[in-house]
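Data block for coords12.cif (mmCIF, C-alpha atoms and all ligand atoms):
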data_entry
loop_
_atom_site.label_atom_id
_atom_site.label_comp_id
_atom_site.auth_asym_id
_atom_site.auth_seq_id
_atom_site.Cartn_x
_atom_site.Cartn_y
_atom_site.Cartn_z
CA MET M 1 105.44 -131.62 105.36
CA ARG M 2 102.15 -131.51 103.48
CA PHE M 3 102.70 -127.97 102.25
CA SER M 4 106.09 -128.29 100.66
CA SER M 5 105.37 -128.08 96.94
CA LEU M 6 103.13 -125.01 97.12
CA TYR M 7 105.64 -123.56 99.53
CA THR M 8 108.46 -123.95 97.02
CA VAL M 9 106.43 -122.38 94.24
CA LEU M 10 105.48 -119.44 96.42
CA ALA M 11 108.96 -119.06 97.82
CA LEU M 12 110.47 -118.79 94.36
CA GLY M 13 107.72 -116.44 93.22
CA ALA M 14 108.15 -114.12 96.18
CA LEU M 15 111.92 -114.04 95.78
CA LYS M 16 111.41 -112.76 92.24
CA ALA M 17 108.47 -110.48 92.85
CA ALA M 18 108.28 -109.50 96.51
CA ALA M 19 107.51 -105.90 95.63
CA THR M 20 104.83 -106.57 93.03
CA PRO M 21 101.28 -106.31 94.39
CA THR M 22 99.14 -109.04 92.88
CA ARG M 23 95.82 -108.41 94.60
CA PRO M 24 92.93 -108.18 92.18
CA GLU M 25 90.57 -105.28 92.82
CA LEU M 26 87.53 -106.84 94.45
CA ALA M 27 84.51 -105.18 96.01
CA PRO M 28 84.53 -105.47 99.82
CA ARG M 29 81.90 -107.74 101.36
CA ALA M 30 79.19 -106.14 103.44
CA THR M 31 80.05 -108.30 106.44
CA PRO M 32 83.59 -109.54 106.35
CA THR M 33 84.99 -112.07 108.77
CA VAL M 34 88.21 -111.17 110.57
CA TYR M 35 90.77 -113.97 110.97
CA LEU M 36 93.57 -113.64 113.49
CA CYS M 37 96.91 -115.44 112.98
CA GLY M 38 99.40 -115.28 115.83
CA ASP M 39 101.00 -116.89 118.88
CA SER M 40 100.09 -117.40 122.55
CA THR M 41 99.87 -113.65 123.22
CA MET M 42 96.87 -113.65 120.84
CA ALA M 43 95.56 -117.19 121.42
CA ARG M 44 92.63 -118.30 123.56
CA ASN M 45 93.96 -119.21 127.04
CA GLY M 46 97.34 -117.61 126.40
CA ALA M 47 100.11 -119.87 127.69
CA ASN M 48 97.53 -122.49 128.80
CA ASP M 49 98.59 -122.09 132.42
CA GLY M 50 95.18 -121.13 133.77
CA ASP M 51 96.34 -117.59 134.57
CA THR M 52 97.01 -115.97 131.22
CA ASP M 53 95.06 -115.14 128.10
CA GLY M 54 95.65 -113.85 124.59
CA TRP M 55 94.09 -110.69 123.19
CA GLY M 56 92.30 -112.24 120.19
CA GLN M 57 88.86 -112.95 121.72
CA TYR M 58 88.83 -109.63 123.50
CA PHE M 59 89.16 -107.89 120.18
CA GLY M 60 85.81 -109.44 119.25
CA THR M 61 84.25 -107.19 121.92
CA TYR M 62 85.47 -104.12 120.07
CA SER M 63 84.71 -105.33 116.56
CA THR M 64 81.35 -105.08 114.80
CA VAL M 65 81.95 -108.22 112.72
CA SER M 66 82.77 -111.84 113.48
CA VAL M 67 86.32 -112.47 114.67
CA VAL M 68 87.84 -115.95 114.28
CA ASN M 69 90.91 -116.43 116.44
CA LYS M 70 93.32 -118.88 114.75
CA ALA M 71 96.29 -117.98 116.93
CA ILE M 72 98.22 -120.91 118.45
CA GLY M 73 100.71 -120.81 121.30
CA GLY M 74 104.38 -121.37 120.57
CA ARG M 75 104.26 -120.48 116.90
CA SER M 76 106.49 -118.20 114.88
CA ALA M 77 105.87 -116.84 111.38
CA ARG M 78 108.04 -119.72 110.16
CA SER M 79 106.39 -122.56 112.07
CA TYR M 80 102.86 -121.23 111.40
CA TRP M 81 103.82 -121.32 107.73
CA ASN M 82 105.56 -124.70 107.78
CA GLU M 83 102.69 -126.37 109.62
CA GLY M 84 100.30 -125.22 106.88
CA ARG M 85 98.35 -122.99 109.26
CA PHE M 86 98.38 -119.94 106.99
CA ALA M 87 97.13 -122.28 104.22
CA ASP M 88 94.33 -123.49 106.50
CA VAL M 89 93.25 -119.89 107.12
CA ALA M 90 93.52 -119.05 103.41
CA ASN M 91 91.18 -121.99 102.71
CA LEU M 92 88.54 -120.38 104.95
CA VAL M 93 88.99 -116.84 103.67
CA LYS M 94 86.47 -115.35 101.27
CA SER M 95 86.84 -112.25 99.17
CA GLY M 96 86.50 -109.15 101.34
CA ASP M 97 87.57 -110.85 104.57
CA ILE M 98 90.32 -109.39 106.73
CA VAL M 99 93.35 -111.30 108.04
CA VAL M 100 95.47 -109.98 110.91
CA ILE M 101 98.99 -111.42 111.13
CA GLU M 102 101.02 -110.82 114.29
CA PHE M 103 104.19 -112.76 115.17
CA GLY M 104 107.57 -112.08 116.75
CA HIS M 105 107.67 -113.59 120.24
CA ASN M 106 108.90 -116.98 118.98
CA ASP M 107 110.84 -115.83 115.93
CA GLY M 108 114.20 -115.00 117.54
CA GLY M 109 117.27 -117.19 117.81
CA SER M 110 119.15 -118.83 114.98
CA PRO M 111 118.11 -121.76 112.80
CA GLU M 112 121.81 -122.56 112.37
CA SER M 113 122.46 -123.24 116.04
CA ASN M 114 120.25 -125.82 117.80
CA ASP M 115 117.33 -124.95 115.52
CA ASN M 116 114.04 -125.20 117.39
CA GLY M 117 111.88 -125.10 114.24
CA ARG M 118 110.71 -121.56 115.00
CA SER M 119 113.70 -119.24 114.54
CA ASP M 120 113.76 -117.31 111.28
CA CYS M 121 116.89 -116.65 109.27
CA PRO M 122 118.33 -113.31 110.44
CA GLY M 123 117.78 -110.35 108.10
CA ALA M 124 114.85 -108.54 106.56
CA GLY M 125 115.11 -109.64 102.96
CA THR M 126 115.76 -112.76 100.92
CA GLU M 127 118.56 -114.14 103.10
CA THR M 128 118.40 -117.89 103.65
CA CYS M 129 119.84 -120.22 106.29
CA ILE M 130 120.14 -123.98 106.53
CA SER M 131 118.67 -125.54 109.66
CA ASP M 132 121.30 -127.42 111.62
CA ALA M 133 118.54 -129.73 112.89
CA THR M 134 116.66 -130.65 109.70
CA GLY M 135 118.70 -129.33 106.79
CA GLU M 136 115.70 -127.32 105.57
CA THR M 137 116.17 -123.93 103.99
CA VAL M 138 114.96 -121.27 106.40
CA TYR M 139 113.82 -117.83 105.26
CA THR M 140 113.51 -114.49 107.06
CA PHE M 141 110.56 -113.26 109.13
CA VAL M 142 109.79 -110.72 106.41
CA PHE M 143 109.85 -113.45 103.80
CA TYR M 144 107.38 -115.70 105.68
CA VAL M 145 105.05 -112.76 106.36
CA ILE M 146 105.11 -111.70 102.70
CA GLN M 147 104.31 -115.27 101.64
CA ALA M 148 101.42 -115.46 104.09
CA ALA M 149 100.00 -112.08 103.11
CA LYS M 150 100.12 -113.01 99.42
CA LEU M 151 98.25 -116.22 100.13
CA MET M 152 95.45 -114.14 101.69
CA THR M 153 95.34 -111.33 99.14
CA ALA M 154 95.19 -113.92 96.36
CA LYS M 155 91.85 -114.95 97.92
CA GLY M 156 90.63 -111.34 97.82
CA ALA M 157 91.25 -110.67 101.51
CA THR M 158 92.91 -107.58 102.90
CA VAL M 159 95.70 -108.06 105.41
CA VAL M 160 96.67 -106.12 108.52
CA LEU M 161 100.27 -106.73 109.59
CA SER M 162 100.36 -106.06 113.32
CA SER M 163 103.56 -105.77 115.30
CA GLN M 164 104.01 -108.08 118.28
CA THR M 165 102.88 -107.11 121.76
CA PRO M 166 105.62 -105.92 124.12
CA ASN M 167 106.87 -107.89 127.08
CA ASN M 168 106.41 -106.28 130.50
CA LEU M 169 107.99 -102.87 129.94
CA TRP M 170 108.00 -102.09 133.69
CA GLU M 171 109.77 -105.34 134.61
CA THR M 172 112.75 -103.55 136.17
CA GLY M 173 110.58 -101.02 138.00
CA SER M 174 111.27 -98.28 135.48
CA PHE M 175 109.73 -97.91 132.07
CA SER M 176 111.85 -99.17 129.18
CA SER M 177 110.47 -99.47 125.67
CA SER M 178 112.78 -100.61 122.93
CA ALA M 179 111.05 -102.44 120.12
CA PRO M 180 112.30 -105.89 119.06
CA ARG M 181 113.44 -106.06 115.44
CA PHE M 182 110.28 -107.91 114.41
CA VAL M 183 108.26 -104.72 114.95
CA GLY M 184 110.13 -102.96 112.15
CA TYR M 185 110.12 -106.13 110.07
CA GLN M 186 106.31 -106.05 109.92
CA LEU M 187 106.52 -102.56 108.44
CA THR M 188 109.20 -103.74 105.98
CA ALA M 189 106.87 -106.53 104.84
CA GLN M 190 103.94 -104.14 104.48
CA LYS M 191 106.00 -101.75 102.34
CA ALA M 192 107.05 -104.65 100.09
CA LEU M 193 103.43 -105.72 99.65
CA GLY M 194 101.69 -102.35 99.24
CA SER M 195 98.02 -102.18 98.25
CA GLY M 196 95.63 -104.35 100.24
CA VAL M 197 98.09 -104.76 103.11
CA SER M 198 98.33 -102.27 105.97
CA PHE M 199 100.42 -101.99 109.12
CA VAL M 200 99.50 -101.24 112.71
CA ASP M 201 102.09 -100.84 115.45
CA HIS M 202 100.42 -102.85 118.19
CA PHE M 203 103.73 -102.83 120.09
CA GLN M 204 103.68 -99.03 120.20
CA ALA M 205 100.00 -98.87 121.17
CA VAL M 206 100.42 -101.28 124.11
CA SER M 207 103.67 -99.57 125.07
CA ASN M 208 101.81 -96.26 125.26
CA ALA M 209 99.09 -97.89 127.38
CA TYR M 210 101.66 -99.38 129.79
CA LYS M 211 103.40 -96.03 130.13
CA LYS M 212 100.09 -94.46 131.08
CA LEU M 213 99.17 -97.33 133.43
CA GLY M 214 102.45 -97.16 135.32
CA ASN M 215 104.69 -99.59 137.20
CA SER M 216 102.43 -101.45 139.61
CA GLY M 217 99.43 -101.53 137.27
CA THR M 218 101.49 -103.04 134.46
CA ASN M 219 103.35 -105.54 136.65
CA ALA M 220 99.98 -106.74 137.96
CA LEU M 221 99.07 -107.81 134.41
CA TYR M 222 101.91 -110.39 134.31
CA PRO M 223 101.10 -113.24 136.73
CA ASN M 224 103.77 -115.77 135.66
CA ASP M 225 106.36 -114.41 133.25
CA HIS M 226 107.18 -111.25 131.30
CA THR M 227 105.45 -112.28 128.08
CA HIS M 228 101.99 -113.65 128.88
CA THR M 229 99.36 -111.41 130.44
CA SER M 230 96.33 -111.98 132.62
CA PRO M 231 92.87 -111.74 131.01
CA GLN M 232 92.85 -108.07 132.05
CA GLY M 233 96.14 -107.59 130.23
CA ALA M 234 94.75 -109.33 127.15
CA ASN M 235 91.73 -107.03 127.27
CA LEU M 236 94.04 -104.01 127.50
CA SER M 237 96.08 -105.26 124.52
CA ALA M 238 92.86 -105.61 122.51
CA GLN M 239 91.77 -102.12 123.55
CA ALA M 240 95.14 -100.62 122.58
CA PHE M 241 94.95 -102.43 119.23
CA THR M 242 91.44 -101.07 118.66
CA GLN M 243 92.45 -97.55 119.60
CA ALA M 244 95.39 -97.72 117.17
CA ILE M 245 93.02 -98.86 114.41
CA HIS M 246 90.48 -96.17 115.33
CA THR M 247 93.04 -93.34 115.39
CA GLN M 248 94.74 -94.72 112.27
CA MET M 249 98.00 -94.67 114.19
CA ASN M 250 100.15 -95.95 111.32
CA GLY M 251 97.72 -95.25 108.50
CA THR M 252 94.28 -96.54 107.61
CA THR M 253 93.68 -100.27 107.85
CA SER M 254 90.86 -102.35 106.43
CA LEU M 255 89.66 -102.94 110.02
CA TYR M 256 88.85 -99.24 110.42
CA ASN M 257 85.18 -99.59 109.42
CA TYR M 258 84.61 -102.72 111.51
CA ILE M 259 85.32 -101.59 115.05
CA ILE M 260 82.90 -100.05 117.53
CA SER M 261 82.37 -96.33 117.09
CA ASN M 262 83.79 -95.13 120.41
CA PRO M 263 86.41 -97.63 121.55
CA PRO M 264 87.97 -97.19 125.00
CA THR M 265 90.89 -94.80 125.24
CA VAL M 266 93.78 -96.58 126.98
CA TYR M 267 96.70 -94.37 126.02
C1 LIG S 1 87.54 -105.26 129.31
O1 LIG S 1 87.78 -104.11 130.10
C2 LIG S 1 86.66 -103.24 130.24
C3 LIG S 1 87.11 -102.06 131.06
O2 LIG S 1 88.04 -101.30 130.36
C4 LIG S 1 85.52 -103.95 130.90
O3 LIG S 1 84.40 -103.11 130.95
C5 LIG S 1 85.16 -105.21 130.13
O4 LIG S 1 84.19 -105.94 130.82
C6 LIG S 1 86.40 -106.08 129.94
N1 LIG S 1 86.06 -107.17 129.04
C7 LIG S 1 86.22 -108.45 129.38
C8 LIG S 1 85.74 -109.43 128.36
O5 LIG S 1 86.74 -108.81 130.41
C1 LIG S 2 103.49 -96.05 114.29
O1 LIG S 2 102.99 -94.78 114.59
C2 LIG S 2 103.35 -94.30 115.88
C3 LIG S 2 102.62 -92.99 116.10
O2 LIG S 2 102.94 -92.09 115.12
C4 LIG S 2 104.86 -94.13 115.95
O3 LIG S 2 105.24 -93.74 117.25
C5 LIG S 2 105.51 -95.47 115.61
O4 LIG S 2 106.91 -95.31 115.58
C6 LIG S 2 105.01 -96.00 114.28
N1 LIG S 2 105.60 -97.32 114.08
C7 LIG S 2 106.53 -97.58 113.18
C8 LIG S 2 107.12 -98.96 113.19
O5 LIG S 2 106.95 -96.77 112.37
#
Could you spell out this file's structure in structure tokens?
Ligand SMILES: *[C@@H]1O[C@H](CO)[C@@H](O)[C@H](O)[C@H]1NC(C)=O
Ligand SMILES: *[C@@H]1O[C@H](CO)[C@@H](O)[C@H](O)[C@H]1NC(C)=O
Amino acid sequence: MRFSSLYTVLALGALKAAATPTRPELAPRATPTVYLCGDSTMARNGANDGDTDGWGQYFGTYSTVSVVNKAIGGRSARSYWNEGRFADVANLVKSGDIVVIEFGHNDGGSPESNDNGRSDCPGAGTETCISDATGETVYTFVFYVIQAAKLMTAKGATVVLSSQTPNNLWETGSFSSSAPRFVGYQLTAQKALGSGVSFVDHFQAVSNAYKKLGNSGTNALYPNDHTHTSPQGANLSAQAFTQAIHTQMNGTTSLYNYIISNPPTVY
């Protein structure tokens, strides 16, 4: 694991000082680049099955600046961290850039029972688990997100913590929207980080759009399973995200000034 020593340093630092903002005050760049970190629901080509797509590229349509989609299918906050992918993004980031972090779909399960390398330790704080597969110490979702955000803000970037997209909320034929715990965990991480890090409830925005779209329209967006959408569904997720940024649904984010002036209204 090429990232282990920095990881240990950061892990210890964050345990001690999770609530202490460390971002230096830096003037925003005139033309920031937006980097997207996430899983298959955000990644180009979605689940790589020829039918589905992630929302990341579609967001580029609604942004006025360059969007670089670094999302990779199958990743959780933990595995994106452990594979050094947050570090790779941090190496590209320049002061004033914006990093969107959105995970949750692959973060469930337990690292103590047939650990798949993706499950986070349950809890929203500094709890730790030991992987029954590798013996590694596993941290919580909130912990990994805080580490990642700090890596970016240390480079002078601002960070938008976005909650995961919903699964098909009309799967049973009636609308049912209960947020997975990772939605609230993103807000927990944002509150721990404070200045320079904002939160947007992408889950809620897409949920609102699905409610408006209705049963058949929403089911039509899921060709293969209840997680990965068609390109049209990815476009809708990007539109809902943009609308949430534009209306400042959960407060102002650093993306606010870098989206088109009249984004589509989807909810
Ligand atoms: C996204 O959807 C809008 C309609 O809401 C459509 O005009 C646009 O072409 C779509 N974008 C892509 C890239 O498919
Ligand atoms: C985000 O804001 C929306 C609209 O006010 C609200 O419904 C939602 O609960 C908020 N999300 C969280 C996690 O607080």
task = Could you give me, as a PyMOL selection string, the residues that sit within 12 Å of (105.3, -111.3, 136.5) in the file's coordinates, counting only C-alpha atoms?
result = chain M and resi 51-52+167-173+215-230+233
Selected residues, C-alpha atoms, written as a PDB file, keeping the file's coordinate frame, please.
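Writing the result to selection_21.pdb gives the following:
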ATOM      1  CA  ASP M  51      96.340-117.590 134.570  1.00  0.00           C
ATOM      2  CA  THR M  52      97.010-115.970 131.220  1.00  0.00           C
ATOM      3  CA  ASN M 167     106.870-107.890 127.080  1.00  0.00           C
ATOM      4  CA  ASN M 168     106.410-106.280 130.500  1.00  0.00           C
ATOM      5  CA  LEU M 169     107.990-102.870 129.940  1.00  0.00           C
ATOM      6  CA  TRP M 170     108.000-102.090 133.690  1.00  0.00           C
ATOM      7  CA  GLU M 171     109.770-105.340 134.610  1.00  0.00           C
ATOM      8  CA  THR M 172     112.750-103.550 136.170  1.00  0.00           C
ATOM      9  CA  GLY M 173     110.580-101.020 138.000  1.00  0.00           C
ATOM     10  CA  ASN M 215     104.690 -99.590 137.200  1.00  0.00           C
ATOM     11  CA  SER M 216     102.430-101.450 139.610  1.00  0.00           C
ATOM     12  CA  GLY M 217      99.430-101.530 137.270  1.00  0.00           C
ATOM     13  CA  THR M 218     101.490-103.040 134.460  1.00  0.00           C
ATOM     14  CA  ASN M 219     103.350-105.540 136.650  1.00  0.00           C
ATOM     15  CA  ALA M 220      99.980-106.740 137.960  1.00  0.00           C
ATOM     16  CA  LEU M 221      99.070-107.810 134.410  1.00  0.00           C
ATOM     17  CA  TYR M 222     101.910-110.390 134.310  1.00  0.00           C
ATOM     18  CA  PRO M 223     101.100-113.240 136.730  1.00  0.00           C
ATOM     19  CA  ASN M 224     103.770-115.770 135.660  1.00  0.00           C
ATOM     20  CA  ASP M 225     106.360-114.410 133.250  1.00  0.00           C
ATOM     21  CA  HIS M 226     107.180-111.250 131.300  1.00  0.00           C
ATOM     22  CA  THR M 227     105.450-112.280 128.080  1.00  0.00           C
ATOM     23  CA  HIS M 228     101.990-113.650 128.880  1.00  0.00           C
ATOM     24  CA  THR M 229      99.360-111.410 130.440  1.00  0.00           C
ATOM     25  CA  SER M 230      96.330-111.980 132.620  1.00  0.00           C
ATOM     26  CA  GLY M 233      96.140-107.590 130.230  1.00  0.00           C
TER      27      GLY M 233
END
key: Surroundings of ligand LIG 1 (chain S) up to 7 Å, based on all atoms listed in the file, as an MDAnalysis selection string   = chainID M and resid 58 61 231:232 235:236 264
Those same residues, written as a CSV table (one decimal), keeping the file's coordinate frame with C-alpha atoms?
chain,number,residue,atom,x,y,z
M,58,TYR,CA,88.8,-109.6,123.5
M,61,THR,CA,84.2,-107.2,121.9
M,231,PRO,CA,92.9,-111.7,131.0
M,232,GLN,CA,92.8,-108.1,132.0
M,235,ASN,CA,91.7,-107.0,127.3
M,236,LEU,CA,94.0,-104.0,127.5
M,264,PRO,CA,88.0,-97.2,125.0
request  = All residues within 8 Å of ligand LIG 2 (chain S) are required, counting only C-alpha atoms and all ligand atoms; please report them as a list in words.
outcome  =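 What falls inside 8 Å of ligand LIG 2 (chain S) is Ser163, Val183, Gly184, Gln186, Leu187, Val200, Asp201, Gln204, Ala205, Met249 and Asn250 of chain M.
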request  = Could you tell me which of M:Thr253, M:Ile101, M:Val266, M:His246 comes closest to Leu213 of chain M if we count only C-alpha atoms?
outcome  =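 So, comparing all the options, the nearest one is M:Val266.
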At a cut-off of 10 Å, can you tabulate as a tab-separated table every residue of segment 140-200 of chain M near segment 29-43 of chain M together with its closest atom pair and the distance in Å to one decimal, using all atoms listed in the file and ordering rows by chain then number?
residue	atom	partner	partner_atom	distance
M:Ala148	CA	M:Cys37	CA	10.0
M:Ala157	CA	M:Pro32	CA	9.1
M:Thr158	CA	M:Val34	CA	9.7
M:Val159	CA	M:Tyr35	CA	9.5
M:Val160	CA	M:Leu36	CA	9.5
M:Leu161	CA	M:Cys37	CA	9.9
M:Ser162	CA	M:Gly38	CA	9.6
M:Gln164	CA	M:Thr41	CA	8.5
M:Thr165	CA	M:Thr41	CA	7.3
M:Pro166	CA	M:Thr41	CA	9.7
M:Asn167	CA	M:Thr41	CA	9.9
Kindly export the residues of the current selection with C-alpha atoms, as a short mmCIF file (atom, residue, chain, number, x, y, z; two decimals), in the frame of the given file.
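File produced: selection.cif:
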data_model
loop_
_atom_site.label_atom_id
_atom_site.label_comp_id
_atom_site.auth_asym_id
_atom_site.auth_seq_id
_atom_site.Cartn_x
_atom_site.Cartn_y
_atom_site.Cartn_z
CA ALA M 148 101.42 -115.46 104.09
CA ALA M 157 91.25 -110.67 101.51
CA THR M 158 92.91 -107.58 102.90
CA VAL M 159 95.70 -108.06 105.41
CA VAL M 160 96.67 -106.12 108.52
CA LEU M 161 100.27 -106.73 109.59
CA SER M 162 100.36 -106.06 113.32
CA GLN M 164 104.01 -108.08 118.28
CA THR M 165 102.88 -107.11 121.76
CA PRO M 166 105.62 -105.92 124.12
CA ASN M 167 106.87 -107.89 127.08
#
ask   = What's the 9 Å shell around segment 134-147 of chain M, counting all atoms listed in the file, without same-chain residues fewer than 6 positions away, as a ChimeraX atom specification?
value = /M:7,10-11,14-15,18,76-78,81,101,103-104,107,111,115,117,119-128,161,182,185-186,188-190,192-193
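With all atoms listed in the file as the atoms that count, the residue of M:Glu102, M:His202, M:Gly96, M:Leu255 with the shortest distance to Lys70 of chain M is M:Glu102.
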key: Residue nearest Ala179 of chain M among M:Asn69, M:Lys191, M:His105, M:Lys150 (counting only C-alpha atoms)   = M:His105
task = Could you check how far atom CA of Ala244 of chain M sits from atom CA of Val89 of chain M, in Å to one decimal?
result = 24.4 Å
ask   = If you measure from atom CA of Ser79 of chain M to atom CA of Arg118 of chain M, what distance in Å do you get, rounded to one decimal?
value =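 So the answer is 5.3 Å.
Residue nearest Ala87 of chain M within the list M:Gly74, M:Leu151, M:Ser254, M:Ser63: M:Leu151 [criterion: smallest interatomic distance, all atoms listed in the file].
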key: Which residue of M:Lys212, M:Arg44, M:Arg181, M:Lys155 approaches Gln57 of chain M most closely, using all atoms listed in the file   = M:Arg44
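Interatomic distance, atom CA of Phe59 of chain M to atom CA of Phe241 of chain M: 8.0 Å.
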N, CA and C atoms restored at segment 163-176 of chain M, emitted as a compact mmCIF listing (two decimals), in the coordinates of the input:
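Output saved as result_19.txt:
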# COMPACT_ATOMS: atom_id res chain seq x y z
N SER M 163 102.32 -105.44 114.60
CA SER M 163 103.56 -105.77 115.30
C SER M 163 103.26 -106.47 116.62
N GLN M 164 104.19 -107.27 117.08
CA GLN M 164 104.01 -108.08 118.28
C GLN M 164 103.73 -107.21 119.51
N THR M 165 103.07 -107.81 120.49
CA THR M 165 102.88 -107.11 121.76
C THR M 165 104.22 -107.01 122.48
N PRO M 166 104.38 -105.99 123.34
CA PRO M 166 105.62 -105.92 124.12
C PRO M 166 105.60 -106.93 125.27
N ASN M 167 106.78 -107.26 125.78
CA ASN M 167 106.87 -107.89 127.08
C ASN M 167 106.59 -106.83 128.14
N ASN M 168 106.65 -107.21 129.39
CA ASN M 168 106.41 -106.28 130.50
C ASN M 168 107.46 -105.16 130.47
N LEU M 169 107.04 -103.97 130.11
CA LEU M 169 107.99 -102.87 129.94
C LEU M 169 108.34 -102.18 131.26
N TRP M 170 107.69 -102.61 132.35
CA TRP M 170 108.00 -102.09 133.69
C TRP M 170 108.66 -103.16 134.55
N GLU M 171 109.23 -104.19 133.90
CA GLU M 171 109.77 -105.34 134.61
C GLU M 171 110.84 -104.93 135.62
N THR M 172 111.64 -103.96 135.28
CA THR M 172 112.75 -103.55 136.17
C THR M 172 112.31 -102.50 137.18
N GLY M 173 111.04 -102.07 137.11
CA GLY M 173 110.58 -101.02 138.00
C GLY M 173 110.63 -99.64 137.37
N SER M 174 111.35 -99.53 136.25
CA SER M 174 111.27 -98.28 135.48
C SER M 174 110.90 -98.62 134.04
N PHE M 175 110.28 -97.67 133.41
CA PHE M 175 109.73 -97.91 132.07
C PHE M 175 110.85 -97.96 131.03
N SER M 176 110.85 -99.03 130.24
CA SER M 176 111.85 -99.17 129.18
C SER M 176 111.20 -99.77 127.96
